$ cat target39.txt   # compact mmCIF, C-alpha atoms and all ligand atoms
# COMPACT_ATOMS: atom_id res chain seq x y z
CA MET A 512 44.04 -31.38 -12.81
CA LEU A 513 40.69 -32.60 -14.11
CA GLU A 514 40.03 -34.39 -10.83
CA CYS A 515 40.77 -31.22 -8.91
CA TYR A 516 38.32 -29.29 -11.12
CA VAL A 517 35.58 -31.90 -10.55
CA VAL A 518 36.02 -31.72 -6.78
CA THR A 519 35.89 -27.92 -6.83
CA ASN A 520 32.80 -27.95 -9.01
CA HIS A 521 31.13 -30.43 -6.69
CA LYS A 522 31.94 -28.23 -3.69
CA LYS A 523 30.62 -25.22 -5.55
CA LYS A 524 27.33 -27.01 -6.28
CA LYS A 525 27.06 -28.04 -2.65
CA MET A 526 27.69 -24.48 -1.52
CA ILE A 527 25.02 -23.16 -3.91
CA LYS A 528 22.60 -25.75 -2.59
CA ILE A 529 23.29 -24.71 1.01
CA ILE A 530 22.97 -21.02 0.15
CA ASN A 531 19.66 -21.62 -1.68
CA LYS A 532 18.35 -23.62 1.26
CA LEU A 533 19.43 -20.90 3.67
CA ASN A 534 17.85 -18.31 1.44
CA SER A 535 14.50 -20.07 1.30
CA THR A 536 14.63 -20.67 5.08
CA LEU A 537 15.23 -16.95 5.62
CA ILE A 538 12.40 -16.05 3.22
CA ASN A 539 10.05 -18.44 5.06
CA MET A 540 11.13 -17.06 8.43
CA HIS A 541 10.55 -13.52 7.15
CA LEU A 542 7.08 -14.48 5.88
CA GLU A 543 6.21 -16.21 9.16
CA PHE A 544 7.39 -13.18 11.10
CA LYS A 545 5.29 -10.90 8.86
CA LYS A 546 2.27 -13.17 9.41
CA PHE A 547 2.84 -13.20 13.17
CA PHE A 548 3.23 -9.42 13.32
CA ALA A 549 0.21 -8.79 11.10
CA SER A 550 -2.12 -11.18 12.92
CA LYS A 551 -1.01 -10.94 16.56
CA ILE A 552 0.12 -7.33 16.76
CA LEU A 553 -2.00 -5.60 14.12
CA GLY A 554 -4.96 -8.00 14.30
CA LYS A 555 -4.97 -8.50 10.50
CA LYS A 556 -6.33 -11.49 8.63
CA TYR A 557 -4.49 -10.93 5.34
CA ILE A 558 -0.98 -10.04 4.20
CA ARG A 559 -0.64 -7.65 1.29
CA LYS A 560 1.77 -8.61 -1.49
CA GLY A 561 2.80 -6.94 -4.75
CA LYS A 562 3.12 -3.36 -5.91
CA CYS A 563 1.17 -0.71 -7.76
CA ASN A 564 1.42 -0.91 -11.53
CA ALA A 565 -0.31 2.45 -12.04
CA CYS A 566 -3.34 1.02 -13.85
CA GLY A 567 -5.46 3.79 -12.29
CA ARG A 568 -8.50 1.57 -11.72
CA CYS A 569 -8.76 2.31 -8.02
CA CYS A 570 -9.10 6.03 -8.81
CA GLN A 571 -11.92 5.50 -11.31
CA GLU A 572 -14.40 3.34 -9.42
CA ILE A 573 -14.63 4.59 -5.89
CA TYR A 574 -17.24 4.03 -3.21
CA VAL A 575 -17.12 6.30 -0.20
CA ARG A 576 -17.89 4.93 3.21
CA HIS A 577 -18.77 7.41 5.91
CA ARG A 578 -19.06 6.06 9.45
CA HIS A 579 -20.63 2.63 8.89
CA SER A 580 -22.30 2.91 5.52
CA ILE A 581 -21.53 3.58 1.87
CA ILE A 582 -22.70 6.97 0.62
CA LYS A 583 -25.87 6.52 -1.41
CA GLU A 584 -27.31 10.00 -1.69
CA GLU A 585 -25.86 13.02 -3.44
CA GLU A 586 -26.90 15.40 -0.62
CA GLU A 587 -24.90 13.32 1.84
CA PHE A 588 -21.87 13.52 -0.40
CA TYR A 589 -22.13 17.30 -0.83
CA ARG A 590 -22.12 17.65 2.97
CA LEU A 591 -19.01 15.48 3.18
CA LYS A 592 -17.19 17.57 0.61
CA LYS A 593 -16.89 20.32 3.20
CA LEU A 594 -15.26 17.97 5.70
CA HIS A 595 -12.18 16.74 3.85
CA PHE A 596 -10.23 17.95 0.82
CA PHE A 597 -10.17 14.44 -0.70
CA TYR A 598 -13.93 14.54 -1.29
CA SER A 599 -13.56 17.70 -3.33
CA TYR A 600 -11.43 15.68 -5.81
CA LEU A 601 -14.32 13.29 -6.46
CA GLU A 602 -16.95 13.36 -9.13
CA ILE A 603 -20.09 11.20 -9.20
CA VAL A 604 -20.10 8.91 -12.26
CA ALA A 605 -22.81 6.38 -11.44
CA LYS A 606 -25.17 5.01 -8.85
CA ASN A 607 -25.89 1.34 -8.23
CA ASP A 608 -27.26 -0.95 -5.52
CA THR A 609 -24.12 -0.47 -3.43
CA GLY A 610 -24.17 3.31 -3.56
CA LEU A 611 -22.74 6.26 -5.45
CA VAL A 612 -19.74 5.55 -7.68
CA PHE A 613 -17.07 8.24 -7.99
CA LYS A 614 -13.98 8.89 -10.02
CA CYS A 615 -11.13 11.09 -8.95
CA THR A 616 -10.54 14.21 -11.02
CA LYS A 617 -6.84 14.16 -10.07
CA LEU A 618 -6.19 11.06 -12.15
CA ASP A 619 -4.51 11.55 -15.50
CA GLU A 620 -6.51 8.81 -17.26
CA GLU A 621 -4.19 8.58 -20.25
CA LYS A 622 -1.02 8.08 -18.25
CA GLY A 623 -2.69 6.38 -15.28
CA ILE A 624 -0.93 8.68 -12.84
CA CYS A 625 -2.06 10.84 -9.97
CA THR A 626 -1.59 14.54 -10.62
CA ALA A 627 -1.84 15.27 -6.90
CA TYR A 628 0.59 12.54 -5.91
CA LYS A 629 2.55 14.57 -3.34
CA HIS A 630 -0.62 15.86 -1.72
CA ARG A 631 -2.81 12.79 -2.01
CA ALA A 632 -4.89 11.76 1.00
CA ILE A 633 -3.84 9.07 3.48
CA ILE A 634 -6.49 6.73 2.09
CA CYS A 635 -4.71 6.89 -1.31
CA ARG A 636 -1.29 6.35 0.26
CA GLN A 637 -2.45 3.26 2.12
CA TYR A 638 -4.59 1.73 -0.63
CA PRO A 639 -5.39 -1.16 -0.83
CA GLN A 640 -6.10 -2.10 2.76
CA GLU A 641 -7.59 -5.22 4.23
CA GLU A 642 -10.65 -3.23 5.35
CA ILE A 643 -11.81 -3.28 1.72
CA PHE A 644 -12.74 -6.95 2.15
CA MET A 645 -14.40 -6.28 5.47
CA MET A 646 -16.65 -3.82 3.67
CA GLY A 647 -17.50 -6.35 0.97
CA GLY A 648 -15.20 -4.73 -1.59
CA PHE A 649 -12.38 -6.14 -3.70
CA VAL A 650 -9.30 -5.04 -5.62
CA SER A 651 -9.60 -4.95 -9.40
CA GLU A 652 -8.18 -7.75 -11.56
CA ASP A 653 -5.55 -5.39 -12.96
CA CYS A 654 -4.32 -4.40 -9.54
CA GLY A 655 -0.70 -5.28 -8.83
CA PHE A 656 -1.54 -6.05 -5.22
CA GLU A 657 -2.99 -9.23 -3.83
CA PHE A 658 -4.08 -10.28 -0.36
CA ILE A 659 -3.01 -13.59 1.09
CA PRO A 660 -4.99 -15.01 4.01
CA ILE A 661 -2.76 -15.47 7.05
CA GLU A 662 -4.66 -18.58 8.04
CA SER A 663 -6.18 -20.91 5.46
CA PHE A 664 -9.95 -21.43 5.40
CA ALA A 665 -9.45 -25.04 6.60
CA LYS A 666 -7.39 -23.86 9.59
CA VAL A 667 -9.95 -21.23 10.60
CA PHE A 668 -12.75 -23.74 10.13
CA ASN A 669 -11.01 -26.37 12.25
CA LYS A 670 -10.43 -23.80 14.98
CA ILE A 671 -14.14 -22.90 15.04
CA ASN A 672 -15.04 -26.59 14.93
CA LYS A 673 -12.86 -27.25 18.00
CA GLN A 674 -14.35 -24.28 19.82
CA TYR A 675 -17.82 -25.63 19.05
CA LYS A 676 -16.95 -29.07 20.34
CA ALA A 677 -15.52 -27.51 23.49
CA GLY A 678 -18.84 -25.68 23.91
CA LYS A 679 -17.39 -22.21 23.29
CA LYS A 680 -19.39 -21.54 20.12
CA LYS A 681 -23.12 -21.47 19.47
CA LYS A 682 -24.78 -24.32 17.57
CA ASP A 683 -25.43 -22.44 14.35
CA PHE A 684 -22.01 -23.37 12.96
CA ILE A 685 -21.77 -26.15 10.39
CA ILE A 686 -19.60 -28.97 11.56
CA MET A 687 -17.51 -31.08 9.18
CA ARG A 688 -16.46 -34.48 10.39
S1 LIG B 1 -5.80 11.67 -5.32
FE1 LIG B 1 -4.55 10.53 -6.77
S2 LIG B 1 -4.26 8.50 -5.82
FE2 LIG B 1 -5.98 9.50 -4.77
S3 LIG B 1 -7.81 8.77 -5.86
FE3 LIG B 1 -7.17 10.72 -6.80
S4 LIG B 1 -5.86 10.15 -8.53
FE4 LIG B 1 -6.04 8.36 -7.19
S1 LIG B 2 -5.73 -0.64 -8.82
FE1 LIG B 2 -3.86 -1.35 -7.79
S2 LIG B 2 -2.28 -1.32 -9.39
FE2 LIG B 2 -3.99 -0.06 -10.12
S3 LIG B 2 -3.45 2.04 -9.52
FE3 LIG B 2 -4.73 1.18 -7.89
S4 LIG B 2 -3.27 0.30 -6.41
FE4 LIG B 2 -2.15 0.64 -8.32
$ encode --input "target39.txt" --output "structure tokens" --more "lines below"
Ligand code: SF4
Ligand code: SF4
Amino acid sequence: MLECYVVTNHKKKKMIKIINKLNSTLINMHLEFKKFFASKILGKKYIRKGKCNACGRCCQEIYVRHRHSIIKEEEEFYRLKKLHFFYSYLEIVAKNDTGLVFKCTKLDEEKGICTAYKHRAIICRQYPQEEIFMMGGFVSEDCGFEFIPIESFAKVFNKINKQYKAGKKKKDFIIMR
């Protein structure tokens, strides 16, 4: 009876091991597929992970980019206000070297929730996006999201290095040997 139990237990452990291995293989395959889809189909360089923890930071320190530059002047912002309802939610709170800093009046600061949640703009629904990095921005430390590079720095660097050696890149790239 004891022997039978030991055998069953051993089998059980083996099964759990196989299932765990299968599970991690599936997770890896899923991640690789996500990476492939994001980089080859959507042309992204990062994968977004995590979820919003309603800290409200992204609604309190906002820069507005119009066309190719960050809004720096109040007059420019007042003109924009007429173009999209989202701008009418914003209030100027500061100005620095980057540009005007806004906060959204629809944020309930105490609860950290959006009081216009159902009617919030697309930019709020999609936040944070990879484009933030492209504009020199970043997500706050409290943010529940993080961005993972699809290709490591070393991989990108090696690719450029190879292109340089093959004569496809200009000489102003640093080469590591
Ligand atoms: S509309 Fe809501 S989600 Fe968008 S910035 Fe304002 S408070 Fe945040
Ligand atoms: S900063 Fe990140 S976690 Fe905080 S409210 Fe914005 S999206 Fe959510």
$ closest_atom_pairs --input "target39.txt" --of "chain A" --to "ligand LIG 1 (chain B)" --cutoff "7 Å" --atoms "all atoms listed in the file" --output "CSV"
residue,atom,partner,partner_atom,distance
A:Gly567,CA,B:LIG1,FE4,6.9
A:Cys569,CA,B:LIG1,FE4,6.7
A:Cys570,CA,B:LIG1,FE4,4.2
A:Phe597,CA,B:LIG1,S1,6.9
A:Tyr600,CA,B:LIG1,FE3,6.6
A:Cys615,CA,B:LIG1,FE3,4.5
A:Thr616,CA,B:LIG1,FE3,6.4
A:Lys617,CA,B:LIG1,S4,4.4
A:Leu618,CA,B:LIG1,S4,3.7
A:Ile624,CA,B:LIG1,S4,6.7
A:Cys625,CA,B:LIG1,FE1,4.1
A:Thr626,CA,B:LIG1,FE1,6.3
A:Ala627,CA,B:LIG1,FE1,5.5
A:Tyr628,CA,B:LIG1,FE1,5.6
A:Arg631,CA,B:LIG1,S1,4.6
A:Ala632,CA,B:LIG1,FE2,6.3
A:Cys635,CA,B:LIG1,FE2,4.5
$ write_last_selection --input "target39.txt" --atoms "C-alpha atoms" --output "CSV table (one decimal), in the frame of the given file"
chain,number,residue,atom,x,y,z
A,567,GLY,CA,-5.5,3.8,-12.3
A,569,CYS,CA,-8.8,2.3,-8.0
A,570,CYS,CA,-9.1,6.0,-8.8
A,597,PHE,CA,-10.2,14.4,-0.7
A,600,TYR,CA,-11.4,15.7,-5.8
A,615,CYS,CA,-11.1,11.1,-9.0
A,616,THR,CA,-10.5,14.2,-11.0
A,617,LYS,CA,-6.8,14.2,-10.1
A,618,LEU,CA,-6.2,11.1,-12.2
A,624,ILE,CA,-0.9,8.7,-12.8
A,625,CYS,CA,-2.1,10.8,-10.0
A,626,THR,CA,-1.6,14.5,-10.6
A,627,ALA,CA,-1.8,15.3,-6.9
A,628,TYR,CA,0.6,12.5,-5.9
A,631,ARG,CA,-2.8,12.8,-2.0
A,632,ALA,CA,-4.9,11.8,1.0
A,635,CYS,CA,-4.7,6.9,-1.3
$ residues_near_ligand --input "target39.txt" --ligand "ligand LIG 2 (chain B)" --cutoff "7 Å" --atoms "all atoms listed in the file" --output "NGL selection string"
:A and (562-570 or 638-639 or 650-651 or 653-656)
$ write_last_selection --input "target39.txt" --atoms "C-alpha atoms" --output "PDB file, in the frame of the given file"
ATOM      1  CA  LYS A 562       3.120  -3.360  -5.910  1.00  0.00           C
ATOM      2  CA  CYS A 563       1.170  -0.710  -7.760  1.00  0.00           C
ATOM      3  CA  ASN A 564       1.420  -0.910 -11.530  1.00  0.00           C
ATOM      4  CA  ALA A 565      -0.310   2.450 -12.040  1.00  0.00           C
ATOM      5  CA  CYS A 566      -3.340   1.020 -13.850  1.00  0.00           C
ATOM      6  CA  GLY A 567      -5.460   3.790 -12.290  1.00  0.00           C
ATOM      7  CA  ARG A 568      -8.500   1.570 -11.720  1.00  0.00           C
ATOM      8  CA  CYS A 569      -8.760   2.310  -8.020  1.00  0.00           C
ATOM      9  CA  CYS A 570      -9.100   6.030  -8.810  1.00  0.00           C
ATOM     10  CA  TYR A 638      -4.590   1.730  -0.630  1.00  0.00           C
ATOM     11  CA  PRO A 639      -5.390  -1.160  -0.830  1.00  0.00           C
ATOM     12  CA  VAL A 650      -9.300  -5.040  -5.620  1.00  0.00           C
ATOM     13  CA  SER A 651      -9.600  -4.950  -9.400  1.00  0.00           C
ATOM     14  CA  ASP A 653      -5.550  -5.390 -12.960  1.00  0.00           C
ATOM     15  CA  CYS A 654      -4.320  -4.400  -9.540  1.00  0.00           C
ATOM     16  CA  GLY A 655      -0.700  -5.280  -8.830  1.00  0.00           C
ATOM     17  CA  PHE A 656      -1.540  -6.050  -5.220  1.00  0.00           C
TER      18      PHE A 656
END
$ residues_around --input "target39.txt" --residues "Ser550 in chain A" --least-positions-apart "5" --cutoff "12 Å" --atoms "only C-alpha atoms" --output "list in words"
Glu543, Phe544, Lys545, Lys555, Lys556, Tyr557, Ile558, Glu641, Pro660, Ile661 and Glu662 of chain A
$ axis_aligned_box --input "target39.txt" --around "range 623-631 of chain A" --padding-each-side "6 Å" --output "JSON"
{"center_x": -0.1, "center_y": 11.1, "center_z": -8.5, "size_x": 17.4, "size_y": 21.5, "size_z": 25.6}
$ atom_distance --input "target39.txt" --atom1 "CA of Glu585 in chain A" --atom2 "CA of Ile603 in chain A"
8.4 Å
$ closest_residue --input "target39.txt" --among "A:Ile671, A:Ala677, A:Ile643, A:Ala605" --to "Glu584 in chain A" --atoms "only C-alpha atoms"
A:Ala605
$ closest_residue --input "target39.txt" --among "A:Thr609, A:Ser599, A:Gln571, A:Thr536" --to "Lys583 in chain A" --atoms "all atoms listed in the file"
A:Thr609
$ atom_distance --input "target39.txt" --atom1 "CA of Gly610 in chain A" --atom2 "CA of Arg636 in chain A"
23.4 Å
$ atom_distance --input "target39.txt" --atom1 "CA of Lys592 in chain A" --atom2 "CA of Ser580 in chain A"
16.3 Å
$ closest_residue --input "target39.txt" --among "A:Tyr589, A:His541, A:Glu642, A:His595" --to "Phe658 in chain A" --atoms "all atoms listed in the file"
A:Glu642
$ decode --input "target39.txt" --residues "range 519-642 of chain A" --atoms "C-alpha atoms" --output "compact mmCIF listing (two decimals), in the first residue's frame"
# COMPACT_ATOMS: atom_id res chain seq x y z
CA THR A 519 1.52 7.61 -7.33
CA ASN A 520 3.16 10.54 -5.59
CA HIS A 521 6.19 10.25 -7.85
CA LYS A 522 3.95 10.22 -10.91
CA LYS A 523 2.08 13.22 -9.56
CA LYS A 524 5.33 15.15 -9.11
CA LYS A 525 6.40 14.22 -12.62
CA MET A 526 3.08 15.38 -14.01
CA ILE A 527 3.35 18.70 -12.14
CA LYS A 528 6.86 19.14 -13.50
CA ILE A 529 5.66 18.51 -17.06
CA ILE A 530 2.70 20.86 -16.63
CA ASN A 531 4.95 23.61 -15.21
CA LYS A 532 7.38 23.17 -18.08
CA LEU A 533 4.55 23.28 -20.59
CA ASN A 534 3.16 26.34 -18.87
CA SER A 535 6.44 28.23 -18.99
CA THR A 536 6.93 27.18 -22.64
CA LEU A 537 3.48 28.54 -23.47
CA ILE A 538 4.19 31.78 -21.58
CA ASN A 539 7.49 32.18 -23.45
CA MET A 540 5.81 31.44 -26.77
CA HIS A 541 3.11 33.99 -25.95
CA LEU A 542 5.75 36.60 -25.06
CA GLU A 543 7.73 35.86 -28.23
CA PHE A 544 4.57 36.15 -30.30
CA LYS A 545 3.73 39.47 -28.60
CA LYS A 546 7.26 40.71 -29.32
CA PHE A 547 7.05 39.59 -32.94
CA PHE A 548 3.65 41.22 -33.42
CA ALA A 549 4.69 44.45 -31.70
CA SER A 550 7.99 44.84 -33.56
CA LYS A 551 7.25 43.42 -37.03
CA ILE A 552 3.59 44.34 -37.44
CA LEU A 553 3.22 47.46 -35.29
CA GLY A 554 6.83 48.65 -35.62
CA LYS A 555 7.21 49.02 -31.83
CA LYS A 556 10.43 48.90 -29.86
CA TYR A 557 8.92 48.21 -26.43
CA ILE A 558 6.28 45.94 -24.92
CA ARG A 559 4.03 47.39 -22.25
CA LYS A 560 3.51 45.34 -19.10
CA GLY A 561 1.50 45.90 -15.92
CA LYS A 562 -1.72 47.70 -15.10
CA CYS A 563 -2.94 51.03 -13.81
CA ASN A 564 -2.96 51.34 -10.03
CA ALA A 565 -4.89 54.64 -10.10
CA CYS A 566 -2.09 56.72 -8.58
CA GLY A 567 -3.27 59.68 -10.68
CA ARG A 568 0.24 60.96 -11.42
CA CYS A 569 -0.19 60.95 -15.18
CA CYS A 570 -3.17 63.32 -14.82
CA GLN A 571 -1.25 65.81 -12.68
CA GLU A 572 1.92 66.43 -14.65
CA ILE A 573 1.05 66.69 -18.29
CA TYR A 574 2.96 68.12 -21.22
CA VAL A 575 1.03 68.72 -24.40
CA ARG A 576 2.64 68.07 -27.73
CA HIS A 577 1.06 69.66 -30.76
CA ARG A 578 2.41 68.60 -34.15
CA HIS A 579 6.14 68.21 -33.46
CA SER A 580 6.74 70.31 -30.39
CA ILE A 581 5.71 70.62 -26.75
CA ILE A 582 3.45 73.59 -26.02
CA LYS A 583 5.49 76.34 -24.39
CA GLU A 584 3.32 79.42 -24.66
CA GLU A 585 -0.04 80.07 -23.06
CA GLU A 586 -1.46 81.72 -26.22
CA GLU A 587 -0.73 78.56 -28.17
CA PHE A 588 -2.55 76.50 -25.58
CA TYR A 589 -5.61 78.78 -25.58
CA ARG A 590 -5.85 78.32 -29.36
CA LEU A 591 -5.67 74.54 -28.93
CA LYS A 592 -8.45 74.55 -26.37
CA LYS A 593 -10.90 75.31 -29.16
CA LEU A 594 -9.74 72.30 -31.17
CA HIS A 595 -10.38 69.39 -28.81
CA PHE A 596 -12.49 68.91 -25.68
CA PHE A 597 -9.58 67.27 -23.82
CA TYR A 598 -7.67 70.56 -23.75
CA SER A 599 -10.56 72.24 -22.01
CA TYR A 600 -10.03 69.82 -19.08
CA LEU A 601 -6.48 71.09 -18.57
CA GLU A 602 -5.18 73.77 -16.30
CA ILE A 603 -1.68 75.27 -16.42
CA VAL A 604 0.22 74.59 -13.18
CA ALA A 605 3.82 75.38 -14.08
CA LYS A 606 6.28 76.20 -16.81
CA ASN A 607 9.78 74.78 -17.15
CA ASP A 608 12.49 74.27 -19.77
CA THR A 609 10.43 71.55 -21.46
CA GLY A 610 7.26 73.60 -21.72
CA LEU A 611 3.97 74.26 -19.97
CA VAL A 612 2.94 71.76 -17.30
CA PHE A 613 -0.76 70.99 -16.91
CA LYS A 614 -3.00 69.09 -14.57
CA CYS A 615 -6.36 67.69 -15.48
CA THR A 616 -9.34 69.18 -13.67
CA LYS A 617 -11.26 65.91 -14.11
CA LEU A 618 -9.03 64.08 -11.66
CA ASP A 619 -10.39 63.49 -8.18
CA GLU A 620 -7.04 64.02 -6.44
CA GLU A 621 -8.12 62.47 -3.16
CA LYS A 622 -9.36 59.22 -4.65
CA GLY A 623 -6.98 59.23 -7.62
CA ILE A 624 -9.84 58.56 -10.03
CA CYS A 625 -11.01 60.16 -13.24
CA THR A 626 -14.40 61.81 -12.91
CA ALA A 627 -14.83 61.78 -16.68
CA TYR A 628 -13.81 58.15 -17.06
CA LYS A 629 -16.52 57.16 -19.54
CA HIS A 630 -15.90 60.21 -21.69
CA ARG A 631 -12.14 60.47 -21.39
CA ALA A 632 -10.11 61.17 -24.52
CA ILE A 633 -8.36 58.46 -26.54
CA ILE A 634 -4.98 59.68 -25.30
CA CYS A 635 -6.12 58.85 -21.72
CA ARG A 636 -7.47 55.45 -22.76
CA GLN A 637 -4.21 54.49 -24.43
CA TYR A 638 -1.82 55.93 -21.85
CA PRO A 639 1.05 55.12 -21.47
CA GLN A 640 2.28 54.62 -25.00
CA GLU A 641 5.74 53.98 -26.33
CA GLU A 642 5.71 57.39 -28.05
